[in-house]
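*Asks:* Following this line is work-v8.cif, made up of mmCIF, C-alpha atoms:
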```cif
data_query
#
loop_
_atom_site.label_atom_id
_atom_site.label_comp_id
_atom_site.auth_asym_id
_atom_site.auth_seq_id
_atom_site.Cartn_x
_atom_site.Cartn_y
_atom_site.Cartn_z
CA MET Y 137 -17.00 -55.75 -87.25
CA THR Y 138 -15.69 -53.25 -84.73
CA GLU Y 139 -12.77 -50.95 -85.36
CA ASN Y 140 -9.64 -52.13 -83.58
CA LEU Y 141 -7.97 -49.53 -81.37
CA HIS Y 142 -4.54 -51.19 -81.57
CA PRO Y 143 -2.46 -51.66 -84.73
CA VAL Y 144 -2.89 -55.17 -86.09
CA ARG Y 145 -0.92 -57.69 -88.10
CA ARG Y 146 -2.41 -60.44 -90.24
CA VAL Y 147 -1.57 -63.86 -88.79
CA SER Y 148 -2.11 -66.95 -90.96
CA VAL Y 149 -1.41 -70.53 -89.91
CA GLY Y 150 -2.89 -73.32 -91.98
CA ASP Y 151 -6.54 -72.46 -92.65
CA ARG Y 152 -6.67 -69.88 -89.82
CA SER Y 153 -6.19 -66.23 -90.54
CA ALA Y 154 -7.04 -63.13 -88.52
CA ASP Y 155 -5.93 -59.59 -87.80
CA ILE Y 156 -4.29 -59.73 -84.36
CA ASP Y 157 -3.06 -56.87 -82.16
CA GLU Y 158 0.54 -56.48 -83.32
CA GLU Y 159 2.09 -56.96 -79.87
CA LEU Y 160 0.32 -60.33 -79.50
CA ALA Y 161 0.60 -61.47 -83.13
CA PRO Y 162 3.86 -63.45 -82.71
CA ILE Y 163 2.47 -65.21 -79.62
CA ILE Y 164 -0.82 -66.10 -81.32
CA GLU Y 165 1.09 -67.38 -84.35
CA VAL Y 166 3.07 -69.86 -82.21
CA ILE Y 167 -0.07 -70.85 -80.27
CA TRP Y 168 -1.79 -71.67 -83.57
CA ARG Y 169 1.27 -73.57 -84.85
CA LEU Y 170 1.00 -75.69 -81.69
CA GLY Y 171 -2.51 -76.63 -82.85
CA LEU Y 172 -4.29 -74.64 -80.13
CA THR Y 173 -7.36 -72.48 -80.71
CA THR Y 174 -7.77 -68.92 -79.46
CA TRP Y 175 -11.02 -66.97 -79.52
CA THR Y 176 -10.12 -63.37 -78.79
CA CYS Y 177 -7.15 -61.41 -77.52
CA CYS Y 178 -6.13 -57.85 -76.72
CA GLN Y 179 -2.70 -56.37 -76.07
CA ASN Y 180 -4.02 -53.75 -73.61
CA ALA Y 181 -7.55 -54.22 -72.30
CA GLY Y 182 -7.52 -50.95 -70.36
CA GLU Y 183 -6.86 -48.96 -73.52
CA SER Y 184 -9.42 -50.90 -75.56
CA ASN Y 185 -12.14 -50.46 -72.96
CA ALA Y 186 -11.27 -46.88 -71.92
CA ASP Y 187 -14.64 -45.49 -73.10
CA TRP Y 188 -16.76 -48.03 -71.16
CA PRO Y 189 -17.17 -45.84 -68.06
CA GLU Y 190 -19.01 -43.25 -70.18
CA GLN Y 191 -21.95 -45.68 -70.43
CA LEU Y 192 -21.10 -47.88 -67.43
CA PRO Y 193 -19.62 -45.63 -64.70
CA HIS Y 194 -19.28 -48.54 -62.26
CA MET Y 195 -16.66 -50.05 -64.59
CA ALA Y 196 -14.16 -47.17 -64.16
CA PRO Y 197 -11.97 -48.86 -61.50
CA VAL Y 198 -12.06 -52.18 -63.38
CA ILE Y 199 -10.95 -50.54 -66.65
CA ALA Y 200 -8.24 -48.53 -64.85
CA ALA Y 201 -6.84 -51.78 -63.43
CA GLN Y 202 -6.69 -53.30 -66.94
CA VAL Y 203 -4.28 -50.69 -68.32
CA GLY Y 204 -1.05 -52.51 -69.18
CA TRP Y 205 -2.75 -55.92 -69.04
CA ALA Y 206 -3.33 -58.16 -72.05
CA TYR Y 207 -5.53 -61.19 -72.43
CA ILE Y 208 -6.05 -64.24 -74.60
CA ASP Y 209 -9.04 -66.49 -74.28
CA PHE Y 210 -9.21 -70.11 -75.33
CA PRO Y 211 -11.49 -73.11 -75.37
CA LEU Y 212 -10.97 -74.57 -71.89
CA ASN Y 213 -8.63 -77.45 -72.78
CA ASP Y 214 -6.54 -75.38 -75.21
CA GLY Y 215 -6.03 -72.76 -72.51
CA LEU Y 216 -4.81 -75.43 -70.12
CA ALA Y 217 -2.44 -76.76 -72.81
CA PHE Y 218 -1.13 -73.18 -73.35
CA LEU Y 219 -0.37 -72.80 -69.63
CA THR Y 220 1.29 -76.23 -69.56
CA ALA Y 221 3.51 -75.31 -72.52
CA LEU Y 222 4.63 -72.10 -70.80
CA ALA Y 223 5.37 -73.93 -67.55
CA GLN Y 224 7.28 -76.78 -69.20
CA ALA Y 225 9.51 -74.54 -71.35
CA GLY Y 226 11.12 -72.44 -68.64
CA PRO Y 227 12.31 -72.35 -65.08
CA ARG Y 228 10.00 -72.11 -62.10
CA ASP Y 229 10.94 -68.48 -61.55
CA ALA Y 230 9.11 -65.16 -60.97
CA PHE Y 231 7.36 -65.51 -64.37
CA TYR Y 232 6.17 -68.99 -63.39
CA LEU Y 233 4.95 -67.68 -60.01
CA ARG Y 234 2.95 -64.90 -61.73
CA MET Y 235 1.28 -67.60 -63.83
CA THR Y 236 0.52 -69.97 -60.98
CA HIS Y 237 0.28 -68.20 -57.61
CA TRP Y 238 -2.54 -65.76 -56.90
CA ALA Y 239 -0.46 -63.85 -54.33
CA ALA Y 240 2.61 -63.28 -56.51
CA PRO Y 241 3.32 -59.69 -57.54
CA ASP Y 242 1.41 -58.99 -60.80
CA SER Y 243 -0.10 -62.48 -60.67
CA TRP Y 244 -1.97 -63.55 -63.77
CA ASN Y 245 -5.75 -63.72 -63.63
CA VAL Y 246 -6.78 -67.05 -65.14
CA SER Y 247 -10.45 -67.91 -64.94
CA ALA Y 248 -12.86 -70.42 -66.40
CA ARG Y 249 -15.97 -68.55 -67.47
CA PRO Y 250 -19.24 -70.44 -67.27
CA MET Y 251 -21.52 -69.74 -70.23
CA ASP Y 252 -25.27 -70.17 -70.41
CA ARG Y 253 -26.42 -71.68 -73.69
CA ALA Y 254 -29.53 -69.46 -73.43
CA THR Y 255 -27.27 -66.43 -74.04
CA PHE Y 256 -27.05 -67.48 -77.68
CA ASP Y 257 -30.56 -68.91 -78.04
CA GLN Y 258 -33.01 -67.13 -75.77
CA GLN Y 259 -35.74 -69.74 -76.46
CA ARG Y 260 -33.64 -72.40 -74.71
CA GLU Y 261 -33.74 -73.15 -71.03
CA SER Y 262 -30.66 -72.03 -69.16
CA GLN Y 263 -27.87 -74.59 -69.12
CA PHE Y 264 -24.39 -73.59 -67.99
CA GLU Y 265 -21.18 -75.19 -69.18
CA LEU Y 266 -17.48 -74.43 -68.94
CA ARG Y 267 -16.13 -73.57 -72.36
CA LEU Y 268 -13.77 -70.62 -72.03
CA LEU Y 269 -10.48 -70.05 -70.22
CA LEU Y 270 -9.59 -66.36 -69.95
CA VAL Y 271 -5.88 -65.69 -69.37
CA ARG Y 272 -5.00 -62.13 -68.32
CA PHE Y 273 -1.35 -61.19 -67.87
CA PRO Y 274 0.83 -58.08 -67.53
CA SER Y 275 1.92 -56.88 -70.96
CA TYR Y 276 5.57 -57.00 -69.92
CA ASP Y 277 5.35 -60.83 -69.88
CA ARG Y 278 4.88 -61.05 -73.67
CA ALA Y 279 8.59 -61.50 -74.50
CA GLU Y 280 9.01 -64.36 -72.03
CA MET Y 281 5.78 -65.96 -73.24
CA LEU Y 282 7.06 -65.90 -76.83
CA ARG Y 283 10.45 -67.26 -75.77
CA ARG Y 284 8.86 -70.13 -73.85
CA LEU Y 285 6.31 -71.01 -76.53
CA THR Y 286 9.03 -71.05 -79.18
CA ALA Y 287 11.19 -73.30 -76.95
CA TYR Y 288 8.20 -75.59 -76.32
CA GLU Y 289 7.49 -75.81 -80.05
CA ALA Y 290 11.15 -76.80 -80.63
CA GLY Y 291 10.89 -79.49 -77.95
CA SER Y 292 13.28 -77.63 -75.66
CA LEU Y 293 11.69 -78.35 -72.29
CA THR Y 294 13.05 -77.42 -68.88
CA PRO Y 295 13.38 -80.29 -66.43
CA PRO Y 296 11.16 -80.03 -63.34
CA GLY Y 297 12.85 -78.31 -60.43
CA PRO Y 298 12.26 -76.29 -57.30
CA ILE Y 299 10.12 -73.16 -57.41
CA ASP Y 300 12.09 -69.96 -56.82
CA ARG Y 301 9.81 -67.96 -54.55
CA SER Y 302 12.22 -65.08 -53.97
CA SER Y 303 10.02 -62.67 -55.98
CA MET Y 304 7.37 -63.03 -53.25
CA ILE Y 305 9.73 -62.08 -50.42
CA PRO Y 306 9.72 -58.36 -49.73
CA SER Y 307 13.07 -56.67 -50.01
CA HIS Y 308 14.00 -55.11 -46.67
CA SER Y 309 17.10 -53.28 -47.77
CA ALA Y 310 18.55 -51.97 -50.97
CA HIS Y 311 22.25 -52.68 -51.53
#
```
Produce structure tokens that represent the structure in this file.
*Replies:*
Amino acid sequence: MTENLHPVRRVSVGDRSADIDEELAPIIEVIWRLGLTTWTCCQNAGESNADWPEQLPHMAPVIAAQVGWAYIDFPLNDGLAFLTALAQAGPRDAFYLRMTHWAAPDSWNVSARPMDRATFDQQRESQFELRLLLVRFPSYDRAEMLRRLTAYEAGSLTPPGPIDRSSMIPSHSAH
């Protein structure tokens, strides 16, 4: 097992228990209480991967861009359920736009990652399948994520409504 760069907190829900980066621990705890599975997470990928460019110099700009960004990855359907919970438990505001619109400021990077079964058994023929949903988000969204997940868990959903796109309109004057 690798040493964790970030301080951790033990999270236990039912028969699941793991040491989770402390800034993500409350979020992972609610996700697990909702019955969803997570695979890995990190509260600041840029910090965790800061030494990569020593061995892989081409990764320097990628790692620099990950500073201040967290991630959680899920089995595909659980990741989709996570995003649905966040969307249903809050307004369609700037947070919602970051989750859903690729051109929003600080937009989340959500990607399905194809995996080749041969990666785990090199004697097998290659066969790709979609299994993982990787959700990357700015660390400053953690508080709103926790608020929305807690509201969703309590059944406090926000009725559908118009999307407020004002966060995507550049400000031309400061008043």
*Asks:* Could you tell me which of Y:Leu141, Y:Ala254, Y:Met281, Y:Ile167 comes closest to Arg234 in chain Y if we count all atoms listed in the file?
*Replies:*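 Closest residue, counting all atoms listed in the file: Y:Met281.
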*Asks:* Care to translate the PyMOL selection byres ((chain Y and resi 304) around 8) into actual residues of this file, as a ChimeraX atom specification?
*Replies:* /Y:239-241,301-303,305-306
*Asks:* I need the output of the PyMOL selection byres ((chain Y and resi 210) around 7) for this file as an mmCIF file with C-alpha atoms, in the frame of the given file; which residues are they?
*Replies:*
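Output file part_11.cif follows:
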```cif
data_model
loop_
_atom_site.group_PDB
_atom_site.id
_atom_site.type_symbol
_atom_site.label_atom_id
_atom_site.label_comp_id
_atom_site.auth_asym_id
_atom_site.auth_seq_id
_atom_site.Cartn_x
_atom_site.Cartn_y
_atom_site.Cartn_z
ATOM 1 C CA THR Y 173 -7.360 -72.480 -80.710
ATOM 2 C CA THR Y 174 -7.770 -68.920 -79.460
ATOM 3 C CA TRP Y 175 -11.020 -66.970 -79.520
ATOM 4 C CA ILE Y 208 -6.050 -64.240 -74.600
ATOM 5 C CA ASP Y 209 -9.040 -66.490 -74.280
ATOM 6 C CA PRO Y 211 -11.490 -73.110 -75.370
ATOM 7 C CA LEU Y 212 -10.970 -74.570 -71.890
ATOM 8 C CA ASP Y 214 -6.540 -75.380 -75.210
ATOM 9 C CA GLY Y 215 -6.030 -72.760 -72.510
ATOM 10 C CA LEU Y 268 -13.770 -70.620 -72.030
ATOM 11 C CA LEU Y 269 -10.480 -70.050 -70.220
ATOM 12 C CA LEU Y 270 -9.590 -66.360 -69.950
#
```
*Asks:* Given the file shown, determine the residues that the PyMOL selection byres ((chain Y and resi 272) around 8) selects; report them as number ranges by chain.
*Replies:* Y: 205-208, 244-246, 270-271, 273-274
*Asks:* Pick the closest to Asp155 in chain Y from Y:Ala200, Y:Cys178, Y:Ala279, Y:Leu192: which is it, counting all atoms listed in the file?
*Replies:* Y:Cys178
*Asks:* Just how far from CA of Gln224 in chain Y is CA of Tyr288 in chain Y, in Å to one decimal?
*Replies:*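 Here the two named atoms are 7.3 Å from each other.
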*Asks:* Output requested as a PDB file, keeping the file's coordinate frame - range 233-269 of chain Y, filled out with N, CA and C atoms.
*Replies:*
```pdb
ATOM      1  N   LEU Y 233       5.784 -68.015 -61.174  1.00  0.00           N
ATOM      2  CA  LEU Y 233       4.950 -67.680 -60.010  1.00  0.00           C
ATOM      3  C   LEU Y 233       3.800 -66.757 -60.398  1.00  0.00           C
ATOM      4  N   ARG Y 234       4.053 -65.782 -61.283  1.00  0.00           N
ATOM      5  CA  ARG Y 234       2.950 -64.900 -61.730  1.00  0.00           C
ATOM      6  C   ARG Y 234       1.852 -65.717 -62.398  1.00  0.00           C
ATOM      7  N   MET Y 235       2.253 -66.740 -63.149  1.00  0.00           N
ATOM      8  CA  MET Y 235       1.280 -67.600 -63.830  1.00  0.00           C
ATOM      9  C   MET Y 235       0.465 -68.443 -62.855  1.00  0.00           C
ATOM     10  N   THR Y 236       1.106 -68.892 -61.778  1.00  0.00           N
ATOM     11  CA  THR Y 236       0.520 -69.970 -60.980  1.00  0.00           C
ATOM     12  C   THR Y 236       0.054 -69.577 -59.580  1.00  0.00           C
ATOM     13  N   HIS Y 237       0.578 -68.503 -59.012  1.00  0.00           N
ATOM     14  CA  HIS Y 237       0.280 -68.200 -57.610  1.00  0.00           C
ATOM     15  C   HIS Y 237      -0.478 -66.883 -57.510  1.00  0.00           C
ATOM     16  N   TRP Y 238      -1.661 -66.933 -56.962  1.00  0.00           N
ATOM     17  CA  TRP Y 238      -2.540 -65.760 -56.900  1.00  0.00           C
ATOM     18  C   TRP Y 238      -1.941 -64.614 -56.094  1.00  0.00           C
ATOM     19  N   ALA Y 239      -1.022 -64.900 -55.177  1.00  0.00           N
ATOM     20  CA  ALA Y 239      -0.460 -63.850 -54.330  1.00  0.00           C
ATOM     21  C   ALA Y 239       0.866 -63.301 -54.834  1.00  0.00           C
ATOM     22  N   ALA Y 240       1.350 -63.796 -55.955  1.00  0.00           N
ATOM     23  CA  ALA Y 240       2.610 -63.280 -56.510  1.00  0.00           C
ATOM     24  C   ALA Y 240       2.402 -61.858 -57.023  1.00  0.00           C
ATOM     25  N   PRO Y 241       3.451 -61.037 -56.970  1.00  0.00           N
ATOM     26  CA  PRO Y 241       3.320 -59.690 -57.540  1.00  0.00           C
ATOM     27  C   PRO Y 241       2.927 -59.776 -59.018  1.00  0.00           C
ATOM     28  N   ASP Y 242       1.928 -58.985 -59.419  1.00  0.00           N
ATOM     29  CA  ASP Y 242       1.410 -58.990 -60.800  1.00  0.00           C
ATOM     30  C   ASP Y 242       0.933 -60.367 -61.248  1.00  0.00           C
ATOM     31  N   SER Y 243       0.350 -61.134 -60.318  1.00  0.00           N
ATOM     32  CA  SER Y 243      -0.100 -62.480 -60.670  1.00  0.00           C
ATOM     33  C   SER Y 243      -1.136 -62.431 -61.793  1.00  0.00           C
ATOM     34  N   TRP Y 244      -1.038 -63.424 -62.661  1.00  0.00           N
ATOM     35  CA  TRP Y 244      -1.970 -63.550 -63.770  1.00  0.00           C
ATOM     36  C   TRP Y 244      -3.365 -63.824 -63.215  1.00  0.00           C
ATOM     37  N   ASN Y 245      -4.369 -63.415 -63.975  1.00  0.00           N
ATOM     38  CA  ASN Y 245      -5.750 -63.720 -63.630  1.00  0.00           C
ATOM     39  C   ASN Y 245      -6.226 -64.733 -64.673  1.00  0.00           C
ATOM     40  N   VAL Y 246      -6.337 -65.977 -64.251  1.00  0.00           N
ATOM     41  CA  VAL Y 246      -6.780 -67.050 -65.140  1.00  0.00           C
ATOM     42  C   VAL Y 246      -8.110 -67.550 -64.595  1.00  0.00           C
ATOM     43  N   SER Y 247      -9.141 -67.505 -65.434  1.00  0.00           N
ATOM     44  CA  SER Y 247     -10.450 -67.910 -64.940  1.00  0.00           C
ATOM     45  C   SER Y 247     -11.225 -68.678 -66.013  1.00  0.00           C
ATOM     46  N   ALA Y 248     -11.918 -69.695 -65.542  1.00  0.00           N
ATOM     47  CA  ALA Y 248     -12.860 -70.420 -66.400  1.00  0.00           C
ATOM     48  C   ALA Y 248     -14.178 -69.661 -66.317  1.00  0.00           C
ATOM     49  N   ARG Y 249     -14.741 -69.348 -67.438  1.00  0.00           N
ATOM     50  CA  ARG Y 249     -15.970 -68.550 -67.470  1.00  0.00           C
ATOM     51  C   ARG Y 249     -17.148 -69.423 -67.855  1.00  0.00           C
ATOM     52  N   PRO Y 250     -18.061 -69.659 -66.898  1.00  0.00           N
ATOM     53  CA  PRO Y 250     -19.240 -70.440 -67.270  1.00  0.00           C
ATOM     54  C   PRO Y 250     -20.104 -69.656 -68.263  1.00  0.00           C
ATOM     55  N   MET Y 251     -20.659 -70.366 -69.227  1.00  0.00           N
ATOM     56  CA  MET Y 251     -21.520 -69.740 -70.230  1.00  0.00           C
ATOM     57  C   MET Y 251     -22.873 -70.432 -70.236  1.00  0.00           C
ATOM     58  N   ASP Y 252     -23.908 -69.628 -70.335  1.00  0.00           N
ATOM     59  CA  ASP Y 252     -25.270 -70.170 -70.410  1.00  0.00           C
ATOM     60  C   ASP Y 252     -25.638 -70.295 -71.881  1.00  0.00           C
ATOM     61  N   ARG Y 253     -26.015 -71.475 -72.291  1.00  0.00           N
ATOM     62  CA  ARG Y 253     -26.420 -71.680 -73.690  1.00  0.00           C
ATOM     63  C   ARG Y 253     -27.559 -70.755 -74.087  1.00  0.00           C
ATOM     64  N   ALA Y 254     -28.393 -70.342 -73.137  1.00  0.00           N
ATOM     65  CA  ALA Y 254     -29.530 -69.460 -73.430  1.00  0.00           C
ATOM     66  C   ALA Y 254     -29.062 -68.066 -73.874  1.00  0.00           C
ATOM     67  N   THR Y 255     -27.803 -67.718 -73.592  1.00  0.00           N
ATOM     68  CA  THR Y 255     -27.270 -66.430 -74.040  1.00  0.00           C
ATOM     69  C   THR Y 255     -27.309 -66.332 -75.558  1.00  0.00           C
ATOM     70  N   PHE Y 256     -27.111 -67.461 -76.225  1.00  0.00           N
ATOM     71  CA  PHE Y 256     -27.050 -67.480 -77.680  1.00  0.00           C
ATOM     72  C   PHE Y 256     -28.356 -67.895 -78.331  1.00  0.00           C
ATOM     73  N   ASP Y 257     -29.245 -68.505 -77.555  1.00  0.00           N
ATOM     74  CA  ASP Y 257     -30.560 -68.910 -78.040  1.00  0.00           C
ATOM     75  C   ASP Y 257     -31.544 -68.696 -76.898  1.00  0.00           C
ATOM     76  N   GLN Y 258     -32.188 -67.535 -76.902  1.00  0.00           N
ATOM     77  CA  GLN Y 258     -33.010 -67.130 -75.770  1.00  0.00           C
ATOM     78  C   GLN Y 258     -34.269 -67.983 -75.611  1.00  0.00           C
ATOM     79  N   GLN Y 259     -34.601 -68.834 -76.582  1.00  0.00           N
ATOM     80  CA  GLN Y 259     -35.740 -69.740 -76.460  1.00  0.00           C
ATOM     81  C   GLN Y 259     -35.383 -70.991 -75.669  1.00  0.00           C
ATOM     82  N   ARG Y 260     -34.090 -71.235 -75.459  1.00  0.00           N
ATOM     83  CA  ARG Y 260     -33.640 -72.400 -74.710  1.00  0.00           C
ATOM     84  C   ARG Y 260     -33.749 -72.161 -73.218  1.00  0.00           C
ATOM     85  N   GLU Y 261     -33.856 -73.245 -72.482  1.00  0.00           N
ATOM     86  CA  GLU Y 261     -33.740 -73.150 -71.030  1.00  0.00           C
ATOM     87  C   GLU Y 261     -32.269 -72.907 -70.700  1.00  0.00           C
ATOM     88  N   SER Y 262     -32.036 -72.263 -69.581  1.00  0.00           N
ATOM     89  CA  SER Y 262     -30.660 -72.030 -69.160  1.00  0.00           C
ATOM     90  C   SER Y 262     -29.955 -73.349 -68.890  1.00  0.00           C
ATOM     91  N   GLN Y 263     -28.729 -73.431 -69.378  1.00  0.00           N
ATOM     92  CA  GLN Y 263     -27.870 -74.590 -69.120  1.00  0.00           C
ATOM     93  C   GLN Y 263     -26.434 -74.101 -69.197  1.00  0.00           C
ATOM     94  N   PHE Y 264     -25.757 -74.091 -68.051  1.00  0.00           N
ATOM     95  CA  PHE Y 264     -24.390 -73.590 -67.990  1.00  0.00           C
ATOM     96  C   PHE Y 264     -23.391 -74.688 -68.272  1.00  0.00           C
ATOM     97  N   GLU Y 265     -22.281 -74.280 -68.918  1.00  0.00           N
ATOM     98  CA  GLU Y 265     -21.180 -75.190 -69.180  1.00  0.00           C
ATOM     99  C   GLU Y 265     -19.889 -74.388 -69.165  1.00  0.00           C
ATOM    100  N   LEU Y 266     -18.787 -75.074 -68.874  1.00  0.00           N
ATOM    101  CA  LEU Y 266     -17.480 -74.430 -68.940  1.00  0.00           C
ATOM    102  C   LEU Y 266     -16.915 -74.620 -70.325  1.00  0.00           C
ATOM    103  N   ARG Y 267     -16.652 -73.500 -71.000  1.00  0.00           N
ATOM    104  CA  ARG Y 267     -16.130 -73.570 -72.360  1.00  0.00           C
ATOM    105  C   ARG Y 267     -14.902 -72.691 -72.548  1.00  0.00           C
ATOM    106  N   LEU Y 268     -14.757 -71.646 -71.750  1.00  0.00           N
ATOM    107  CA  LEU Y 268     -13.770 -70.620 -72.030  1.00  0.00           C
ATOM    108  C   LEU Y 268     -12.784 -70.471 -70.874  1.00  0.00           C
ATOM    109  N   LEU Y 269     -11.499 -70.375 -71.203  1.00  0.00           N
ATOM    110  CA  LEU Y 269     -10.480 -70.050 -70.220  1.00  0.00           C
ATOM    111  C   LEU Y 269      -9.903 -68.687 -70.612  1.00  0.00           C
TER     112      LEU Y 269
END
```
